[in-house]
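*Asks:* To be precise about what I am sending: the file is called input_20.cif and holds mmCIF, C-alpha atoms.
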data_data
#
loop_
_atom_site.label_atom_id
_atom_site.label_comp_id
_atom_site.auth_asym_id
_atom_site.auth_seq_id
_atom_site.Cartn_x
_atom_site.Cartn_y
_atom_site.Cartn_z
CA MET G 566 7.34 -6.33 -29.02
CA ARG G 567 4.51 -6.66 -31.50
CA LEU G 568 1.85 -9.33 -31.18
CA GLN G 569 0.19 -10.86 -34.22
CA ILE G 570 -3.35 -9.75 -35.02
CA SER G 571 -4.82 -13.13 -34.03
CA THR G 572 -3.03 -13.00 -30.69
CA ARG G 573 -4.30 -9.53 -29.93
CA LEU G 574 -7.82 -10.54 -30.91
CA ALA G 575 -7.64 -13.56 -28.61
CA ILE G 576 -6.64 -11.32 -25.71
CA PHE G 577 -9.39 -8.80 -26.51
CA ALA G 578 -11.98 -11.58 -26.82
CA THR G 579 -10.85 -13.05 -23.49
CA LEU G 580 -11.20 -9.66 -21.83
CA GLU G 581 -14.68 -9.18 -23.30
CA LEU G 582 -15.85 -12.62 -22.20
CA THR G 583 -14.51 -12.14 -18.68
CA ALA G 584 -15.80 -8.59 -18.23
CA ARG G 585 -18.68 -10.06 -16.27
CA GLU G 586 -19.29 -13.44 -14.69
CA ASN G 587 -20.88 -15.94 -17.09
CA HIS G 588 -20.66 -13.37 -19.86
CA GLN G 589 -21.65 -14.72 -23.25
CA LEU G 590 -20.90 -13.00 -26.54
CA SER G 591 -21.02 -13.87 -30.21
CA VAL G 592 -18.09 -13.33 -32.54
CA ALA G 593 -20.16 -10.59 -34.19
CA ASP G 594 -20.45 -8.75 -30.85
CA ILE G 595 -16.72 -8.85 -30.29
CA GLY G 596 -15.81 -8.26 -33.92
CA GLU G 597 -17.91 -5.12 -34.11
CA LYS G 598 -16.05 -3.47 -31.25
CA TYR G 599 -12.59 -4.29 -32.56
CA GLY G 600 -13.36 -3.82 -36.24
CA VAL G 601 -12.61 -7.37 -37.34
CA SER G 602 -14.57 -9.85 -39.40
CA SER G 603 -16.56 -12.61 -37.74
CA HIS G 604 -14.78 -15.07 -39.99
CA HIS G 605 -11.34 -14.10 -38.65
CA LEU G 606 -12.55 -14.03 -35.07
CA ALA G 607 -14.24 -17.43 -35.44
CA LYS G 608 -10.86 -18.94 -36.33
CA VAL G 609 -9.34 -17.36 -33.23
CA MET G 610 -12.15 -18.63 -31.02
CA HIS G 611 -11.80 -22.10 -32.49
CA ILE G 612 -8.15 -22.24 -31.41
CA MET G 613 -9.04 -20.97 -27.96
CA GLY G 614 -11.84 -23.53 -27.75
CA ARG G 615 -9.44 -26.37 -28.55
CA ALA G 616 -7.22 -25.14 -25.73
CA GLY G 617 -10.18 -25.17 -23.34
CA LEU G 618 -10.15 -21.43 -22.73
CA VAL G 619 -13.57 -20.77 -24.26
CA ARG G 620 -16.68 -22.86 -24.74
CA ALA G 621 -19.11 -22.51 -27.64
CA VAL G 622 -22.75 -22.16 -26.70
CA ARG G 623 -25.08 -23.31 -29.44
CA GLY G 624 -28.56 -22.09 -30.27
CA ALA G 625 -30.20 -18.88 -31.41
CA GLY G 626 -28.64 -16.83 -28.63
CA GLY G 627 -25.40 -18.72 -28.86
CA GLY G 628 -21.89 -17.45 -28.70
CA TYR G 629 -18.89 -18.08 -26.52
CA ARG G 630 -18.18 -18.18 -22.83
CA PHE G 631 -14.83 -18.12 -21.08
CA ALA G 632 -14.09 -21.57 -19.69
CA GLY G 633 -10.90 -20.86 -17.75
CA ASN G 634 -10.15 -19.18 -14.44
CA PRO G 635 -9.43 -15.47 -14.97
CA ARG G 636 -7.28 -15.44 -11.83
CA ARG G 637 -5.14 -18.28 -13.10
CA THR G 638 -5.02 -17.63 -16.85
CA THR G 639 -2.14 -15.37 -17.85
CA LEU G 640 -1.52 -13.39 -21.01
CA LEU G 641 1.25 -15.86 -21.78
CA ASP G 642 -1.28 -18.72 -21.76
CA VAL G 643 -3.25 -16.93 -24.47
CA VAL G 644 -0.29 -15.65 -26.48
CA GLN G 645 1.35 -19.08 -26.69
CA LEU G 646 -1.70 -20.46 -28.46
CA PHE G 647 -0.92 -18.26 -31.43
CA GLU G 648 2.77 -17.52 -31.46
CA GLU G 649 6.06 -18.31 -29.81
CA VAL G 650 7.59 -15.74 -27.51
CA SER G 651 11.02 -16.58 -28.78
CA SER G 652 13.62 -15.09 -31.08
CA VAL G 653 15.23 -18.42 -31.85
CA GLU G 654 15.02 -19.02 -35.58
CA LYS G 655 14.08 -22.52 -36.65
CA ASP G 656 16.14 -22.22 -39.82
CA THR G 657 19.57 -21.39 -38.50
CA GLU G 658 21.89 -19.50 -40.76
CA VAL G 659 25.66 -19.67 -41.01
CA ALA G 660 25.87 -16.33 -39.24
CA ASP G 661 24.11 -17.76 -36.15
CA ALA G 662 27.05 -20.07 -35.51
CA THR G 663 29.58 -17.27 -35.47
CA PRO G 664 30.67 -15.66 -32.17
CA GLU G 665 28.91 -12.51 -33.32
CA GLY G 666 25.72 -14.40 -34.05
CA GLN G 667 25.84 -16.18 -30.71
CA ALA G 668 26.49 -12.94 -28.82
CA LEU G 669 23.50 -11.34 -30.54
CA GLN G 670 21.35 -14.38 -29.77
CA ALA G 671 22.29 -14.13 -26.07
CA ILE G 672 20.92 -10.58 -26.00
CA LEU G 673 17.75 -11.59 -27.87
CA ASN G 674 17.27 -14.48 -25.44
CA GLU G 675 17.50 -12.00 -22.56
CA ILE G 676 14.73 -9.94 -24.12
CA ASP G 677 12.61 -13.07 -24.67
CA THR G 678 13.05 -14.15 -21.08
CA ILE G 679 11.85 -10.79 -19.80
CA ALA G 680 8.93 -10.80 -22.24
CA ARG G 681 7.85 -14.26 -21.13
CA ALA G 682 8.12 -13.35 -17.46
CA THR G 683 6.08 -10.20 -18.03
CA LEU G 684 3.32 -11.93 -19.99
CA GLY G 685 3.31 -14.79 -17.50
CA SER G 686 2.86 -12.45 -14.55
CA ILE G 687 -0.32 -10.75 -15.79
CA THR G 688 -3.54 -12.68 -15.30
CA ILE G 689 -6.79 -11.84 -17.05
CA ALA G 690 -8.11 -10.67 -13.67
CA THR G 691 -5.13 -8.33 -13.33
CA MET G 692 -5.82 -6.96 -16.82
CA HIS G 693 -9.34 -6.08 -15.68
CA LYS G 694 -7.87 -4.31 -12.67
CA LEU G 695 -5.68 -2.30 -15.02
CA LEU G 696 -8.72 -1.46 -17.13
CA ASN G 697 -11.00 -0.58 -14.25
CA GLY G 698 -8.59 0.65 -11.64
CA ARG G 699 -6.36 3.61 -11.12
CA GLY G 700 -5.44 5.45 -14.28
CA ALA G 701 -7.68 3.28 -16.37
CA GLY G 702 -9.24 6.27 -18.04
CA ARG G 703 -6.37 6.62 -20.44
CA TRP G 704 -6.94 3.12 -21.77
CA ARG G 705 -10.70 2.88 -21.72
CA SER G 706 -12.18 4.12 -24.99
CA LYS G 707 -15.78 3.54 -24.00
CA PRO G 708 -17.51 4.13 -20.69
CA ALA G 709 -18.01 0.93 -18.73
CA SER G 710 -21.77 1.29 -19.07
CA ALA G 711 -21.47 0.96 -22.83
CA ARG G 712 -19.65 -2.35 -22.65
CA GLY G 713 -21.63 -5.42 -23.55
CA ARG G 714 -24.67 -3.54 -24.74
CA SER G 715 -25.00 -5.98 -27.60
CA VAL G 716 -24.73 -8.96 -25.33
CA ARG G 717 -26.91 -11.88 -26.28
CA ARG G 718 -27.96 -13.83 -23.31
CA ALA G 719 -28.26 -17.62 -23.33
CA MET Q 1370 3.98 10.22 19.35
CA ASN Q 1371 4.38 6.52 19.91
CA PRO Q 1372 6.88 5.33 17.29
CA LEU Q 1373 5.22 1.93 17.24
CA ALA Q 1374 1.85 3.34 16.29
CA ILE Q 1375 0.49 2.80 12.80
CA ASP Q 1376 -2.19 5.15 11.60
CA PRO Q 1377 -5.37 3.43 12.87
CA LYS Q 1378 -7.41 4.89 10.04
CA ALA Q 1379 -5.10 3.40 7.43
CA ARG Q 1380 -5.24 0.08 9.22
CA ALA Q 1381 -9.03 0.02 9.23
CA GLU Q 1382 -9.16 0.84 5.54
CA THR Q 1383 -6.71 -1.72 4.44
CA THR Q 1384 -7.00 -4.84 6.51
CA GLY Q 1385 -10.72 -5.33 6.84
CA ALA Q 1386 -12.34 -6.74 9.93
CA ALA Q 1387 -10.45 -9.99 10.30
CA LEU Q 1388 -6.84 -8.85 10.26
CA ARG Q 1389 -4.69 -6.65 12.42
CA VAL Q 1390 -1.45 -5.27 11.03
CA ARG Q 1391 1.04 -3.88 13.53
CA ARG Q 1392 4.72 -3.31 13.98
CA VAL Q 1393 6.78 -6.33 14.87
CA GLN Q 1394 7.91 -6.87 18.43
CA ALA Q 1395 10.77 -8.96 19.82
CA ALA Q 1396 8.38 -11.70 20.92
CA ASP Q 1397 7.21 -12.13 17.29
CA ILE Q 1398 10.64 -12.90 15.87
CA PRO Q 1399 10.65 -16.66 16.64
CA GLN Q 1400 7.38 -16.90 14.67
CA VAL Q 1401 8.82 -14.82 11.83
CA ILE Q 1402 11.82 -17.16 11.70
CA ALA Q 1403 9.56 -20.23 11.76
CA LEU Q 1404 7.31 -18.85 9.01
CA ASP Q 1405 10.27 -17.97 6.80
CA THR Q 1406 11.75 -21.41 7.39
CA ARG Q 1407 8.48 -23.08 6.35
CA VAL Q 1408 8.31 -20.99 3.19
CA THR Q 1409 11.97 -21.02 2.10
CA LYS Q 1410 13.03 -24.36 3.64
CA LEU Q 1411 16.09 -22.58 5.01
CA ALA Q 1412 16.38 -21.46 8.65
CA LYS Q 1413 18.11 -18.09 9.05
CA PRO Q 1414 17.73 -17.08 12.71
CA GLU Q 1415 20.80 -14.82 12.75
CA TYR Q 1416 19.58 -12.95 9.69
CA TRP Q 1417 16.09 -12.35 11.11
CA ASN Q 1418 17.38 -11.29 14.51
CA ASP Q 1419 19.67 -8.83 12.76
CA VAL Q 1420 16.79 -7.58 10.57
CA TYR Q 1421 14.72 -7.05 13.71
CA ARG Q 1422 17.50 -5.02 15.32
CA ARG Q 1423 17.85 -2.85 12.19
CA TYR Q 1424 14.25 -2.59 10.99
CA GLY Q 1425 12.17 -3.28 14.05
CA LYS Q 1426 13.90 -0.97 16.50
CA ARG Q 1427 15.76 1.79 14.67
CA ARG Q 1428 14.77 4.71 12.43
CA LEU Q 1429 11.13 3.71 12.65
CA HIS Q 1430 10.02 6.82 10.81
CA GLU Q 1431 11.41 5.30 7.60
CA ARG Q 1432 11.66 1.58 8.34
CA PHE Q 1433 8.61 -0.65 8.59
CA PHE Q 1434 8.64 -4.24 9.78
CA LEU Q 1435 4.97 -5.17 10.05
CA ILE Q 1436 3.16 -8.38 10.90
CA ALA Q 1437 -0.44 -9.54 10.38
CA GLN Q 1438 -2.47 -11.30 13.03
CA ASN Q 1439 -6.02 -12.47 13.54
CA ARG Q 1440 -7.97 -9.45 14.76
CA LEU Q 1441 -11.10 -11.34 15.74
CA ASP Q 1442 -9.45 -13.76 18.17
CA ARG Q 1443 -7.15 -11.98 20.62
CA THR Q 1444 -5.95 -15.32 21.98
CA ASP Q 1445 -4.63 -16.21 18.53
CA SER Q 1446 -1.16 -14.70 18.53
CA ARG Q 1447 0.04 -16.43 15.38
CA VAL Q 1448 1.99 -14.33 12.91
CA LEU Q 1449 0.06 -14.91 9.66
CA GLY Q 1450 2.44 -12.90 7.54
CA PHE Q 1451 4.98 -10.12 7.56
CA ILE Q 1452 6.30 -7.38 5.34
CA ILE Q 1453 9.44 -5.26 5.59
CA GLY Q 1454 10.30 -2.11 3.77
CA GLU Q 1455 12.07 1.18 4.11
CA ILE Q 1456 12.35 4.54 2.48
CA ARG Q 1457 15.60 4.90 0.59
CA ALA Q 1458 16.87 7.90 -1.28
CA TRP Q 1459 19.41 8.66 -3.98
CA GLU Q 1460 20.64 5.12 -4.45
CA PHE Q 1461 20.89 4.38 -8.18
CA GLY Q 1462 20.04 8.03 -8.69
CA SER Q 1463 16.51 7.52 -7.39
CA THR Q 1464 14.51 10.14 -5.58
CA PRO Q 1465 13.13 8.92 -2.22
CA CYS Q 1466 10.88 5.89 -2.58
CA GLY Q 1467 9.59 3.01 -0.48
CA TRP Q 1468 11.33 -0.31 -1.01
CA VAL Q 1469 9.61 -3.55 -0.02
CA PHE Q 1470 12.26 -6.19 0.39
CA ALA Q 1471 10.44 -8.97 2.23
CA LEU Q 1472 6.88 -10.27 2.17
CA SER Q 1473 5.77 -13.65 3.39
CA VAL Q 1474 2.38 -15.17 4.16
CA GLU Q 1475 1.62 -18.41 5.96
CA PRO Q 1476 1.13 -20.95 3.12
CA ASP Q 1477 -2.12 -22.32 4.55
CA MET Q 1478 -3.54 -18.81 4.87
CA ARG Q 1479 -2.88 -17.53 1.38
CA LEU Q 1480 -5.70 -16.10 -0.76
CA HIS Q 1481 -7.27 -14.58 2.36
CA GLY Q 1482 -6.10 -11.03 1.74
CA ILE Q 1483 -3.18 -11.11 4.18
CA GLY Q 1484 -0.54 -10.09 1.63
CA LYS Q 1485 -2.84 -7.41 0.30
CA ALA Q 1486 -3.45 -6.03 3.80
CA LEU Q 1487 0.27 -5.96 4.55
CA LEU Q 1488 1.11 -4.29 1.26
CA GLU Q 1489 -1.65 -1.70 1.61
CA THR Q 1490 -0.63 -0.91 5.18
CA ILE Q 1491 3.03 -0.40 4.32
CA SER Q 1492 1.94 1.67 1.29
CA GLY Q 1493 0.03 3.91 3.69
CA GLU Q 1494 3.09 4.23 5.90
CA PHE Q 1495 5.24 5.17 2.91
CA ARG Q 1496 2.69 7.79 1.86
CA LYS Q 1497 2.55 9.22 5.39
CA ALA Q 1498 6.33 9.46 5.35
CA GLY Q 1499 6.14 11.57 2.22
CA VAL Q 1500 6.97 9.26 -0.68
CA ASN Q 1501 4.67 8.49 -3.57
CA LYS Q 1502 6.46 5.56 -5.17
CA MET Q 1503 6.91 1.99 -3.99
CA ARG Q 1504 9.30 -0.58 -5.45
CA THR Q 1505 10.18 -4.19 -4.99
CA MET Q 1506 12.19 -6.82 -6.84
CA VAL Q 1507 11.00 -10.32 -7.70
CA GLU Q 1508 12.89 -13.20 -9.25
CA ARG Q 1509 11.62 -13.77 -12.79
CA GLY Q 1510 10.78 -17.40 -12.12
CA ALA Q 1511 8.92 -16.73 -8.88
CA GLN Q 1512 5.47 -16.70 -10.40
CA LEU Q 1513 3.45 -16.59 -7.17
CA PRO Q 1514 4.91 -13.31 -5.86
CA LEU Q 1515 5.02 -11.92 -9.40
CA LEU Q 1516 1.30 -12.62 -9.87
CA PHE Q 1517 0.57 -11.10 -6.46
CA PHE Q 1518 2.47 -7.85 -6.98
CA ARG Q 1519 1.07 -7.48 -10.49
CA SER Q 1520 -2.46 -7.98 -9.19
CA GLU Q 1521 -1.78 -5.17 -6.72
CA GLY Q 1522 -0.93 -2.82 -9.55
CA LEU Q 1523 2.89 -2.89 -9.57
CA MET Q 1524 4.37 -2.48 -13.04
CA ALA Q 1525 7.88 -2.71 -14.44
CA GLY Q 1526 9.86 0.34 -13.40
CA PRO Q 1527 12.55 2.42 -15.06
CA TYR Q 1528 15.48 0.36 -13.75
CA ILE Q 1529 17.01 -2.82 -15.14
CA GLN Q 1530 18.78 -5.11 -12.70
CA LEU Q 1531 22.20 -6.22 -13.97
CA GLU Q 1532 24.59 -8.79 -12.57
CA LYS Q 1533 27.74 -10.73 -13.35
CA ASP Q 1534 29.36 -13.94 -12.18
CA LEU Q 1535 32.55 -13.13 -10.27
CA ASP Q 1536 34.56 -16.24 -11.00
#
Just dump the structure as structure tokens.
*Replies:*
Amino acid sequence: MRLQISTRLAIFATLELTARENHQLSVADIGEKYGVSSHHLAKVMHIMGRAGLVRAVRGAGGGYRFAGNPRRTTLLDVVQLFEEVSSVEKDTEVADATPEGQALQAILNEIDTIARATLGSITIATMHKLLNGRGAGRWRSKPASARGRSVRRA
Amino acid sequence: MNPLAIDPKARAETTGAALRVRRVQAADIPQVIALDTRVTKLAKPEYWNDVYRRYGKRRLHERFFLIAQNRLDRTDSRVLGFIIGEIRAWEFGSTPCGWVFALSVEPDMRLHGIGKALLETISGEFRKAGVNKMRTMVERGAQLPLLFFRSEGLMAGPYIQLEKDLD
């Protein structure tokens, strides 16, 4: 499974904003770490803001804060804002109506169902446990102390 | 060695000050049945009495039927939750590992660390018995237990469950 760039950025931004309680970051802060333009990230944050997951903080030290509950928000909640976890094609082709096409679709639906269940079972809080807990070293590219060093406080 | 004893050190590490996790006893079974009935809306007294006979009394070195109670109030004998698991080997080609096949927590007492204490205690028992892997199975649509086990670090394993309607 491959997530779109915007989806991945939304997940990364969510993890950055929830790394500490009441954490506030600008799109430039987040964009710098993940090597993405502020313009692209601003579009992502706008979509997340409309969904109520983040809240924009205005002013000189402004940025974004996470507005959801990390223990209740799952990866699926974030992913679904940007893409469907589904293999069903909107434009059906002749082949889809054949027994072969339907048999193939049944298998793809099975994969989708597992993917949705997996994404729906991982909360943002659980992601932080994965990052900070056992075996996290293989995922963490920077030491924890380096995280958020460019944080702008409100 | 008392077969009913759970490593007191493991218990202290895992359950905190407010909970006591111990092996089930016959007198607990009516409460286990009542708790399961409240949670699943389906009374299964014969099943639970049979589970007690198999997992609460036999082969205790590899079978663990544990309950959680209030440690602070000795007069409070309520069963706040229970967990059952056993070490199984060579089924599905698997090397020995600990299987958790039942976990239930009193609905009004959830989010108080009871499930975590039960899971950590049975993990300790599995480790003491010499296995370093724990498994369970959760229905895909059962989000509450899925979220719980995920939050405790369980990940998808190397097996895929398959089934077929026999009609």
*Asks:* Please tabulate, as a tab-separated table, the residues of chain G that come within 8 Å of chain Q, each with its closest pair of atoms and the distance in Å to one decimal, counting only C-alpha atoms and ordering rows by chain, then residue number upward.
*Replies:*
residue	atom	partner	partner_atom	distance
G:Ile679	CA	Q:Arg1509	CA	7.6
G:Ala682	CA	Q:Arg1509	CA	5.9
G:Gly685	CA	Q:Gln1512	CA	7.7
G:Ser686	CA	Q:Leu1516	CA	4.9
G:Ile687	CA	Q:Arg1519	CA	6.4
G:Thr688	CA	Q:Leu1516	CA	7.3
G:Ala690	CA	Q:Ser1520	CA	7.7
G:Thr691	CA	Q:Ser1520	CA	4.9
G:Lys694	CA	Q:Ser1520	CA	7.4
G:Leu695	CA	Q:Gly1522	CA	7.3
*Asks:* Show me as a list in words the residues that reach within 12 Å of (-6.7, -6.8, -36.4), counting only C-alpha atoms and using the file's own coordinates.
*Replies:*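 All residues meeting the 12 Å criterion around (-6.7, -6.8, -36.4) are Leu568, Gln569, Ile570, Ser571, Thr572, Arg573, Leu574, Ala575, Ile576, Phe577, Ala578, Ile595, Gly596, Glu597, Lys598, Tyr599, Gly600, Val601, Ser602, Ser603, His605, Leu606 and Val609 of chain G.
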*Asks:* Show me, as a list of chain:residue names, the residues that have an atom within 9 Å of Leu646 (chain G) when counting all atoms listed in the file, minus same-chain residues fewer than 6 positions from it.
*Replies:*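 What passes the distance filter is G:Thr572, G:Ile612, G:Met613, G:Ala616.
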*Asks:* Report as a PyMOL selection string the residues that result from applying the PyMOL selection byres ((chain Q and resi 1465) around 12) to the structure here.
*Replies:* chain Q and resi 1431+1455-1464+1466-1468+1495-1496+1498-1504
*Asks:* Out of G:Leu669, G:Arg681, G:Arg636, G:His588, which residue has the shortest atom-to-atom distance to Glu649 (chain G) when counting all atoms listed in the file?
*Replies:*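 Nearest to Glu649 (chain G): G:Arg681.
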*Asks:* What would the selection look like, as JSON, numbers by chain, if the PyMOL selection byres ((chain Q and resi 1439) around 10) were run on the coordinates I just shared?
*Replies:* {"Q": [1386, 1387, 1388, 1389, 1390, 1437, 1438, 1440, 1441, 1442, 1443, 1444, 1445, 1446, 1447, 1448, 1449, 1483]}
*Asks:* Would you work out the distance separating CA of Ser591 (chain G) from CA of Arg620 (chain G), expressed in Å to one decimal?
*Replies:*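 CA of Ser591 (chain G) sits 11.4 Å away from CA of Arg620 (chain G).
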*Asks:* On this structure, which residues satisfy the PyMOL selection byres ((chain G and resi 677) around 10), written as a PyMOL selection string?
*Replies:* chain G and resi 566+649-653+671-676+678-683
*Asks:* Can you tell me how far CA of Leu590 (chain G) sits from CA of Ala625 (chain G), in Å to one decimal?
*Replies:*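 Between CA of Leu590 (chain G) and CA of Ala625 (chain G) the gap works out to 12.0 Å.
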*Asks:* What gap, in Å, lies between CA of Ile1402 (chain Q) and CA of Arg1422 (chain Q)?
*Replies:*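 That distance, rounded to one decimal, is 13.9 Å.
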*Asks:* What lies within 9 Å of Asn634 (chain G) using only C-alpha atoms, ignoring chain neighbours under 2 positions off, as an MDAnalysis selection string?
*Replies:* chainID G and resid 618 631:632 636:638 689:690
*Asks:* Show me as a list in words the residues that reach within 10 Å of (8.6, -10.3, 18.4), counting only C-alpha atoms and using the file's own coordinates.
*Replies:*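 Answer for this query, in the requested form: Arg1392, Val1393, Gln1394, Ala1395, Ala1396, Asp1397, Ile1398, Pro1399, Gln1400, Val1401, Asn1418, Tyr1421, Gly1425, Ile1436 and Val1448 of chain Q.
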*Asks:* Assuming 4 Å of padding per side, give the centre and edge lengths of the axis-aligned box around every listed atom of region 1457-1460 of chain Q, in Å to one decimal and as lines of an AutoDock Vina configuration file.
*Replies:*
center_x = 18.1
center_y = 6.8
center_z = -1.9
size_x = 13.0
size_y = 11.8
size_z = 13.0
*Asks:* Generate the coordinates of N, CA and C atoms for region 1457-1479 of chain Q; report them as a PDB file, keeping the file's coordinate frame.
*Replies:*
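Just written: out35.pdb:
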ATOM      1  N   ARG Q1457      14.201   4.704   0.957  1.00  0.00           N
ATOM      2  CA  ARG Q1457      15.600   4.900   0.590  1.00  0.00           C
ATOM      3  C   ARG Q1457      15.673   6.006  -0.453  1.00  0.00           C
ATOM      4  N   ALA Q1458      16.762   6.734  -0.382  1.00  0.00           N
ATOM      5  CA  ALA Q1458      16.870   7.900  -1.280  1.00  0.00           C
ATOM      6  C   ALA Q1458      18.229   7.954  -1.942  1.00  0.00           C
ATOM      7  N   TRP Q1459      18.222   8.310  -3.185  1.00  0.00           N
ATOM      8  CA  TRP Q1459      19.410   8.660  -3.980  1.00  0.00           C
ATOM      9  C   TRP Q1459      20.274   7.484  -4.358  1.00  0.00           C
ATOM     10  N   GLU Q1460      19.893   6.280  -3.949  1.00  0.00           N
ATOM     11  CA  GLU Q1460      20.640   5.120  -4.450  1.00  0.00           C
ATOM     12  C   GLU Q1460      20.218   4.895  -5.892  1.00  0.00           C
ATOM     13  N   PHE Q1461      21.145   4.559  -6.742  1.00  0.00           N
ATOM     14  CA  PHE Q1461      20.890   4.380  -8.180  1.00  0.00           C
ATOM     15  C   PHE Q1461      20.306   5.653  -8.797  1.00  0.00           C
ATOM     16  N   GLY Q1462      20.541   6.768  -8.157  1.00  0.00           N
ATOM     17  CA  GLY Q1462      20.040   8.030  -8.690  1.00  0.00           C
ATOM     18  C   GLY Q1462      18.568   8.260  -8.443  1.00  0.00           C
ATOM     19  N   SER Q1463      17.959   7.442  -7.597  1.00  0.00           N
ATOM     20  CA  SER Q1463      16.510   7.520  -7.390  1.00  0.00           C
ATOM     21  C   SER Q1463      16.139   8.558  -6.341  1.00  0.00           C
ATOM     22  N   THR Q1464      15.088   9.288  -6.612  1.00  0.00           N
ATOM     23  CA  THR Q1464      14.510  10.140  -5.580  1.00  0.00           C
ATOM     24  C   THR Q1464      13.920   9.236  -4.496  1.00  0.00           C
ATOM     25  N   PRO Q1465      13.610   9.776  -3.309  1.00  0.00           N
ATOM     26  CA  PRO Q1465      13.130   8.920  -2.220  1.00  0.00           C
ATOM     27  C   PRO Q1465      11.927   8.057  -2.631  1.00  0.00           C
ATOM     28  N   CYS Q1466      12.000   6.778  -2.302  1.00  0.00           N
ATOM     29  CA  CYS Q1466      10.880   5.890  -2.580  1.00  0.00           C
ATOM     30  C   CYS Q1466      10.874   4.767  -1.548  1.00  0.00           C
ATOM     31  N   GLY Q1467       9.727   4.108  -1.436  1.00  0.00           N
ATOM     32  CA  GLY Q1467       9.590   3.010  -0.480  1.00  0.00           C
ATOM     33  C   GLY Q1467       9.975   1.697  -1.126  1.00  0.00           C
ATOM     34  N   TRP Q1468      10.909   1.005  -0.512  1.00  0.00           N
ATOM     35  CA  TRP Q1468      11.330  -0.310  -1.010  1.00  0.00           C
ATOM     36  C   TRP Q1468      10.740  -1.402  -0.133  1.00  0.00           C
ATOM     37  N   VAL Q1469      10.067  -2.350  -0.745  1.00  0.00           N
ATOM     38  CA  VAL Q1469       9.610  -3.550  -0.020  1.00  0.00           C
ATOM     39  C   VAL Q1469      10.600  -4.646  -0.347  1.00  0.00           C
ATOM     40  N   PHE Q1470      11.264  -5.165   0.682  1.00  0.00           N
ATOM     41  CA  PHE Q1470      12.260  -6.190   0.390  1.00  0.00           C
ATOM     42  C   PHE Q1470      11.955  -7.543   1.007  1.00  0.00           C
ATOM     43  N   ALA Q1471      10.852  -7.658   1.717  1.00  0.00           N
ATOM     44  CA  ALA Q1471      10.440  -8.970   2.230  1.00  0.00           C
ATOM     45  C   ALA Q1471       8.936  -8.984   2.404  1.00  0.00           C
ATOM     46  N   LEU Q1472       8.324 -10.054   1.967  1.00  0.00           N
ATOM     47  CA  LEU Q1472       6.880 -10.270   2.170  1.00  0.00           C
ATOM     48  C   LEU Q1472       6.656 -11.767   2.208  1.00  0.00           C
ATOM     49  N   SER Q1473       6.028 -12.218   3.270  1.00  0.00           N
ATOM     50  CA  SER Q1473       5.770 -13.650   3.390  1.00  0.00           C
ATOM     51  C   SER Q1473       4.420 -13.858   4.063  1.00  0.00           C
ATOM     52  N   VAL Q1474       3.692 -14.850   3.589  1.00  0.00           N
ATOM     53  CA  VAL Q1474       2.380 -15.170   4.160  1.00  0.00           C
ATOM     54  C   VAL Q1474       2.341 -16.673   4.443  1.00  0.00           C
ATOM     55  N   GLU Q1475       1.766 -17.015   5.576  1.00  0.00           N
ATOM     56  CA  GLU Q1475       1.620 -18.410   5.960  1.00  0.00           C
ATOM     57  C   GLU Q1475       0.989 -19.197   4.798  1.00  0.00           C
ATOM     58  N   PRO Q1476       1.647 -20.248   4.307  1.00  0.00           N
ATOM     59  CA  PRO Q1476       1.130 -20.950   3.120  1.00  0.00           C
ATOM     60  C   PRO Q1476      -0.326 -21.392   3.227  1.00  0.00           C
ATOM     61  N   ASP Q1477      -0.737 -21.856   4.398  1.00  0.00           N
ATOM     62  CA  ASP Q1477      -2.120 -22.320   4.550  1.00  0.00           C
ATOM     63  C   ASP Q1477      -3.129 -21.179   4.582  1.00  0.00           C
ATOM     64  N   MET Q1478      -2.634 -19.963   4.725  1.00  0.00           N
ATOM     65  CA  MET Q1478      -3.540 -18.810   4.870  1.00  0.00           C
ATOM     66  C   MET Q1478      -3.510 -17.896   3.642  1.00  0.00           C
ATOM     67  N   ARG Q1479      -2.931 -18.378   2.572  1.00  0.00           N
ATOM     68  CA  ARG Q1479      -2.880 -17.530   1.380  1.00  0.00           C
ATOM     69  C   ARG Q1479      -4.253 -17.423   0.730  1.00  0.00           C
TER      70      ARG Q1479
END
